[in-house]
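Here the structure is laid out as structure tokens; the discussion comes afterwards.
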Amino acid sequence: MNHHDKSPVTKHQSPADEKNTPPTTSPLISLANVSHSYLEGGAPLKVLDNVSLDIQQSEKVALLGRSGCGKSTLLNLISGIDLPEQGEITIDGANICTLTETRRTLFRRNHIGFIYQFFNLIPSLTALENVALTLELKGVSAAQARDRSMALLSRLGVADKSASFPSRLSGGEQQRIAIARALVHSPEVVLADEPTGNLDAQTGAAVLEVLHDILDESKSSLLLVTHSLAVARSANRIVTLEDGAISEREGDFAW
Ligand SMILES: Nc1ncnc2c1ncn2[C@@H]1O[C@H](COP(=O)(O)OP(=O)(O)OP(=O)(O)O)[C@@H](O)[C@H]1O
Ligand SMILES: [Mg+2]
């Protein structure tokens with residue numbers, strides 16, 4: 001596991017490591033019969049209804065679906081930010097639903113890169129500090145974290161904004177900082193929620209290419225939420241979410 005983790009830091013051990021089990025060909029991400037509801041005006045609103053989805057190592061899956069169908073909800077569950085009402089989510093052999101909150105946070109930090117739909121940058125940190133923090137939390141020295149973060153900001157075309165605070169950046173600039181923060185530690189799993197939604201077509205295409213290049217370099221898996229069929233087609237596989245259910249067919253996109 002974590003064959004591409006080049007940093008010499010102590011990493012969180014998944015249950016698979018602890019049992020010293022041999023590597024298997026099971027999916028890197030596996031959702032089995034996942035259901036989730038929110039309370040809306042006192043009544044439960046079922047957003048995900050018995051969703052099952054497998055994603056292999058290095059596989060890139062695009063997720064399409066109407067606004068409000070539950071795409072961000074699904075990413076929050078896979079990342080362990082929220083726990084599903086029912087079902088199991090396994091990442092790299094670890095059932096994240098049964099981990100304690102602390103271990104789930106550590107697991108997320110070490111194995112997952114999340115590009116949030118609304119960026120979620122830390123307002124009191126500069127762009128560079130936002131990115132470098134991901135590495136520093138893993139034990140990388142401040143100097144190394146800074147160098148690796150700058151290199152990535154440069155690849156994404158926002159090196160000149162490294163000293164700026166998020167409130168002084170455009171939406172598209174914040175989005176690229178958020179992408180750098182999610183990718184800088186070469187996580188096995190990248191969850192990307194509309195990662196180029198705030199970029200013009202040309203910048204979006206260039207950033208998408210960098211995203212794919214980085215994923216290929218680290219053999220990471222991707223779940224990419226998008227409203228753009230063109231962006232979705234950059235993935236290996238497209239799934240759609242409708243009425244709480246995942247479908248493997250592209251179908252007719254009305255969104
Ligand atoms: N914390 C919450 N509490 C209550 N309802 C919620 C909560 N989060 C999401 N919802 C509801 O769940 C449904 C799914 O929301 P979600 O954000 O997952 O949709 P989405 O597919 O990501 O939409 P979009 O494409 O607009 O980003 C929506 O009807 C939303 O109003
Ligand atoms: Mg969303």
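Residues in the structure tokens are named by chain (A, B, ... in the order shown) and by number from 1 within that chain; ligands are numbered from 1 in the order shown.
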
Show me, as a tab-separated table, the residues of chain A having an atom within 10 Å of ligand 2, each with the closest atom pair and its distance in Å, using only C-alpha atoms and all ligand atoms.
residue	atom	partner	partner_atom_place_in_ligand_line	distance
A:Gly65	CA	ligand 2	1 (Mg)	9.6
A:Arg66	CA	ligand 2	1 (Mg)	9.4
A:Ser67	CA	ligand 2	1 (Mg)	6.9
A:Gly68	CA	ligand 2	1 (Mg)	6.8
A:Cys69	CA	ligand 2	1 (Mg)	8.3
A:Gly70	CA	ligand 2	1 (Mg)	6.9
A:Lys71	CA	ligand 2	1 (Mg)	5.5
A:Ser72	CA	ligand 2	1 (Mg)	4.1
A:Thr73	CA	ligand 2	1 (Mg)	7.2
A:Leu74	CA	ligand 2	1 (Mg)	9.2
A:Leu75	CA	ligand 2	1 (Mg)	8.9
A:Asn76	CA	ligand 2	1 (Mg)	9.9
A:Tyr116	CA	ligand 2	1 (Mg)	8.8
A:Gln117	CA	ligand 2	1 (Mg)	6.3
A:Phe118	CA	ligand 2	1 (Mg)	8.8
A:Asp193	CA	ligand 2	1 (Mg)	6.7
A:Glu194	CA	ligand 2	1 (Mg)	7.8
A:Val225	CA	ligand 2	1 (Mg)	8.0
A:Thr226	CA	ligand 2	1 (Mg)	8.9
A:His227	CA	ligand 2	1 (Mg)	9.9

Secondary structure check, helix (DSSP H, G or I) residues of segment 10-252 of chain A, as number ranges by chain: A: 15-18, 71-78, 96-98, 101-111, 127-136, 142-155, 159-161, 166-168, 171-183, 201-218, 229-232

Only C-alpha atoms, please: the residues just picked out, written as a tab-separated table (two decimals), in the first residue's frame.
chain	number	residue	atom	x	y	z
A	15	PRO	CA	-6.14	-2.37	9.37
A	16	ALA	CA	-4.83	-4.14	6.25
A	17	ASP	CA	-1.27	-3.15	7.21
A	18	GLU	CA	-1.69	-4.16	10.78
A	71	LYS	CA	-22.94	14.25	-5.44
A	72	SER	CA	-21.20	16.33	-2.75
A	73	THR	CA	-22.93	14.20	-0.11
A	74	LEU	CA	-21.36	11.11	-1.66
A	75	LEU	CA	-17.88	12.68	-1.60
A	76	ASN	CA	-18.33	13.73	2.03
A	77	LEU	CA	-19.15	10.12	2.93
A	78	ILE	CA	-16.21	8.65	1.00
A	96	ILE	CA	-13.72	4.06	7.36
A	97	CYS	CA	-17.15	3.95	8.97
A	98	THR	CA	-15.85	1.96	11.94
A	101	GLU	CA	-13.17	10.15	14.54
A	102	THR	CA	-9.48	10.78	15.25
A	103	ARG	CA	-8.36	7.86	13.12
A	104	ARG	CA	-10.76	8.89	10.38
A	105	THR	CA	-9.20	12.36	10.35
A	106	LEU	CA	-5.71	10.85	10.17
A	107	PHE	CA	-6.83	8.48	7.45
A	108	ARG	CA	-8.24	11.37	5.41
A	109	ARG	CA	-5.08	13.41	5.91
A	110	ASN	CA	-2.82	10.61	4.72
A	111	HIS	CA	-4.80	8.93	1.97
A	127	ALA	CA	-2.11	30.51	-0.64
A	128	LEU	CA	1.29	28.89	-0.18
A	129	GLU	CA	0.68	28.20	3.53
A	130	ASN	CA	-2.68	26.58	2.70
A	131	VAL	CA	-0.93	24.14	0.37
A	132	ALA	CA	2.17	23.55	2.52
A	133	LEU	CA	0.03	22.75	5.57
A	134	THR	CA	-1.06	19.46	3.94
A	135	LEU	CA	2.58	18.35	3.90
A	136	GLU	CA	3.54	19.79	7.28
A	142	ALA	CA	8.71	23.44	6.44
A	143	ALA	CA	11.38	24.11	3.81
A	144	GLN	CA	10.55	20.99	1.80
A	145	ALA	CA	6.82	21.61	2.12
A	146	ARG	CA	7.33	25.14	0.81
A	147	ASP	CA	9.40	24.01	-2.18
A	148	ARG	CA	7.00	21.23	-3.19
A	149	SER	CA	4.00	23.54	-2.77
A	150	MET	CA	5.58	26.30	-4.85
A	151	ALA	CA	6.40	23.85	-7.63
A	152	LEU	CA	2.78	22.74	-7.80
A	153	LEU	CA	1.40	26.29	-7.65
A	154	SER	CA	3.70	27.06	-10.52
A	155	ARG	CA	2.39	24.11	-12.55
A	159	ALA	CA	2.83	30.90	-8.36
A	160	ASP	CA	2.53	34.69	-8.42
A	161	LYS	CA	-0.35	34.45	-5.93
A	166	PRO	CA	-7.69	33.67	-0.09
A	167	SER	CA	-9.95	36.73	0.29
A	168	ARG	CA	-7.73	38.59	-2.17
A	171	GLY	CA	-12.67	32.24	-7.55
A	172	GLY	CA	-10.57	30.59	-10.24
A	173	GLU	CA	-7.35	31.34	-8.35
A	174	GLN	CA	-8.77	29.98	-5.10
A	175	GLN	CA	-9.86	26.88	-6.99
A	176	ARG	CA	-6.33	26.25	-8.24
A	177	ILE	CA	-4.90	26.75	-4.73
A	178	ALA	CA	-7.49	24.22	-3.49
A	179	ILE	CA	-6.39	21.78	-6.21
A	180	ALA	CA	-2.73	22.18	-5.22
A	181	ARG	CA	-3.59	21.61	-1.56
A	182	ALA	CA	-5.43	18.39	-2.42
A	183	LEU	CA	-2.68	16.98	-4.65
A	201	ALA	CA	-12.58	27.04	-20.81
A	202	GLN	CA	-8.91	27.46	-21.68
A	203	THR	CA	-7.61	27.62	-18.09
A	204	GLY	CA	-10.00	24.80	-17.13
A	205	ALA	CA	-8.60	22.53	-19.84
A	206	ALA	CA	-5.00	23.32	-18.83
A	207	VAL	CA	-5.72	22.70	-15.14
A	208	LEU	CA	-7.55	19.46	-15.92
A	209	GLU	CA	-4.50	18.27	-17.83
A	210	VAL	CA	-2.22	19.02	-14.86
A	211	LEU	CA	-4.67	17.21	-12.58
A	212	HIS	CA	-4.61	14.12	-14.79
A	213	ASP	CA	-0.81	14.23	-15.15
A	214	ILE	CA	-0.34	14.35	-11.38
A	215	LEU	CA	-2.82	11.51	-10.86
A	216	ASP	CA	-1.01	9.42	-13.47
A	217	GLU	CA	2.37	10.11	-11.86
A	218	SER	CA	1.14	8.91	-8.46
A	229	LEU	CA	-19.84	16.18	-20.16
A	230	ALA	CA	-16.56	17.25	-21.77
A	231	VAL	CA	-14.81	17.18	-18.36
A	232	ALA	CA	-16.49	13.85	-17.53

Non-local contacts of Val34 of chain A (10 Å; only C-alpha atoms; under 5 positions in same chain excluded) as a PDB file with N, CA and C atoms, in the first residue's frame:
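This is the output file part_22.pdb:
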ATOM      1  N   LEU A  48     -29.244   9.408  -0.791  1.00  0.00           N
ATOM      2  CA  LEU A  48     -28.592   8.243  -1.399  1.00  0.00           C
ATOM      3  C   LEU A  48     -29.344   6.997  -0.954  1.00  0.00           C
ATOM      4  N   ASP A  49     -29.703   6.162  -1.923  1.00  0.00           N
ATOM      5  CA  ASP A  49     -30.544   5.012  -1.626  1.00  0.00           C
ATOM      6  C   ASP A  49     -29.875   3.729  -2.111  1.00  0.00           C
ATOM      7  N   ASN A  50     -29.139   3.074  -1.204  1.00  0.00           N
ATOM      8  CA  ASN A  50     -28.553   1.776  -1.537  1.00  0.00           C
ATOM      9  C   ASN A  50     -27.522   1.864  -2.675  1.00  0.00           C
ATOM     10  N   VAL A  51     -26.618   2.817  -2.528  1.00  0.00           N
ATOM     11  CA  VAL A  51     -25.615   3.045  -3.570  1.00  0.00           C
ATOM     12  C   VAL A  51     -24.432   2.088  -3.395  1.00  0.00           C
ATOM     13  N   SER A  52     -24.060   1.412  -4.475  1.00  0.00           N
ATOM     14  CA  SER A  52     -22.844   0.593  -4.475  1.00  0.00           C
ATOM     15  C   SER A  52     -21.961   1.052  -5.621  1.00  0.00           C
ATOM     16  N   LEU A  53     -20.663   1.182  -5.347  1.00  0.00           N
ATOM     17  CA  LEU A  53     -19.740   1.673  -6.372  1.00  0.00           C
ATOM     18  C   LEU A  53     -18.337   1.205  -6.018  1.00  0.00           C
ATOM     19  N   LEU A  74     -22.098  12.357  -1.425  1.00  0.00           N
ATOM     20  CA  LEU A  74     -21.361  11.108  -1.656  1.00  0.00           C
ATOM     21  C   LEU A  74     -19.863  11.310  -1.383  1.00  0.00           C
ATOM     22  N   LEU A  77     -19.114  11.443   2.288  1.00  0.00           N
ATOM     23  CA  LEU A  77     -19.152  10.121   2.927  1.00  0.00           C
ATOM     24  C   LEU A  77     -17.877   9.340   2.625  1.00  0.00           C
ATOM     25  N   LEU A  83     -20.754  10.342   8.126  1.00  0.00           N
ATOM     26  CA  LEU A  83     -20.914   8.885   8.181  1.00  0.00           C
ATOM     27  C   LEU A  83     -22.244   8.497   7.549  1.00  0.00           C
ATOM     28  N   PRO A  84     -22.266   7.418   6.767  1.00  0.00           N
ATOM     29  CA  PRO A  84     -23.535   7.040   6.132  1.00  0.00           C
ATOM     30  C   PRO A  84     -24.516   6.480   7.149  1.00  0.00           C
ATOM     31  N   GLU A  85     -25.772   6.699   6.839  1.00  0.00           N
ATOM     32  CA  GLU A  85     -26.837   6.155   7.686  1.00  0.00           C
ATOM     33  C   GLU A  85     -26.793   4.622   7.649  1.00  0.00           C
ATOM     34  N   GLN A  86     -26.534   4.099   6.458  1.00  0.00           N
ATOM     35  CA  GLN A  86     -26.444   2.652   6.279  1.00  0.00           C
ATOM     36  C   GLN A  86     -25.365   2.337   5.265  1.00  0.00           C
ATOM     37  N   GLY A  87     -24.835   1.129   5.354  1.00  0.00           N
ATOM     38  CA  GLY A  87     -23.884   0.670   4.345  1.00  0.00           C
ATOM     39  C   GLY A  87     -22.449   0.774   4.810  1.00  0.00           C
ATOM     40  N   GLU A  88     -21.551   0.320   3.930  1.00  0.00           N
ATOM     41  CA  GLU A  88     -20.126   0.270   4.270  1.00  0.00           C
ATOM     42  C   GLU A  88     -19.298   0.982   3.221  1.00  0.00           C
ATOM     43  N   ILE A  89     -18.267   1.675   3.677  1.00  0.00           N
ATOM     44  CA  ILE A  89     -17.331   2.310   2.754  1.00  0.00           C
ATOM     45  C   ILE A  89     -15.926   1.857   3.122  1.00  0.00           C
ATOM     46  N   GLY A 244     -31.208   9.050  -6.115  1.00  0.00           N
ATOM     47  CA  GLY A 244     -30.506   8.329  -5.053  1.00  0.00           C
ATOM     48  C   GLY A 244     -29.728   7.122  -5.513  1.00  0.00           C
ATOM     49  N   ALA A 245     -29.765   6.819  -6.824  1.00  0.00           N
ATOM     50  CA  ALA A 245     -29.120   5.588  -7.314  1.00  0.00           C
ATOM     51  C   ALA A 245     -28.037   5.907  -8.340  1.00  0.00           C
TER      52      ALA A 245
END

Pairwise distance for atom CA of Gly157 of chain A and atom CA of Ser234 of chain A, rounded to one decimal in Å: 20.6 Å

Separation of atom CA of Tyr38 of chain A from atom CA of Leu241 of chain A, in Å and rounded to one decimal: 16.9 Å

Pick from A:Asn33, A:Ile81, A:Ser26, A:Ser220, whichever lies nearest to ligand 1 using only C-alpha atoms and all ligand atoms: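 Ranked by minimum distance to ligand 1, first place goes to A:Ile81.
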
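Distances from A:Asn236, A:Ser247, A:Ser228, A:Asn120 to ligand 1 were compared using only C-alpha atoms and all ligand atoms, and the smallest one belongs to A:Ser228.
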
Please, which residues of segment 146-222 of chain A, numbered as in this document, come out strand (DSSP E) from DSSP, as a PDB file with N, CA and C atoms, in the first residue's frame?
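So the final result, stored in result_15.pdb, reads:
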ATOM      1  N   VAL A 189      -6.191   8.575  -3.147  1.00  0.00           N
ATOM      2  CA  VAL A 189      -7.559   8.853  -3.571  1.00  0.00           C
ATOM      3  C   VAL A 189      -7.742  10.361  -3.696  1.00  0.00           C
ATOM      4  N   VAL A 190      -8.234  10.808  -4.849  1.00  0.00           N
ATOM      5  CA  VAL A 190      -8.550  12.224  -5.013  1.00  0.00           C
ATOM      6  C   VAL A 190     -10.048  12.354  -5.278  1.00  0.00           C
ATOM      7  N   LEU A 191     -10.697  13.166  -4.452  1.00  0.00           N
ATOM      8  CA  LEU A 191     -12.118  13.449  -4.613  1.00  0.00           C
ATOM      9  C   LEU A 191     -12.218  14.894  -5.074  1.00  0.00           C
ATOM     10  N   ALA A 192     -12.746  15.091  -6.273  1.00  0.00           N
ATOM     11  CA  ALA A 192     -12.737  16.433  -6.855  1.00  0.00           C
ATOM     12  C   ALA A 192     -14.165  16.864  -7.153  1.00  0.00           C
ATOM     13  N   ASP A 193     -14.610  17.928  -6.480  1.00  0.00           N
ATOM     14  CA  ASP A 193     -15.990  18.397  -6.627  1.00  0.00           C
ATOM     15  C   ASP A 193     -15.985  19.616  -7.544  1.00  0.00           C
ATOM     16  N   SER A 221      -6.347   7.215  -7.636  1.00  0.00           N
ATOM     17  CA  SER A 221      -7.704   7.049  -8.153  1.00  0.00           C
ATOM     18  C   SER A 221      -8.440   8.370  -8.021  1.00  0.00           C
ATOM     19  N   LEU A 222      -9.388   8.583  -8.932  1.00  0.00           N
ATOM     20  CA  LEU A 222     -10.113   9.863  -8.935  1.00  0.00           C
ATOM     21  C   LEU A 222     -11.608   9.628  -8.986  1.00  0.00           C
TER      22      LEU A 222
END

Which of A:Leu169, A:Ala163, A:Val184, A:Leu63 sits closest to ligand 1 [using only C-alpha atoms and all ligand atoms]: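 Looking at the shortest contact to ligand 1, the residue is A:Leu63.
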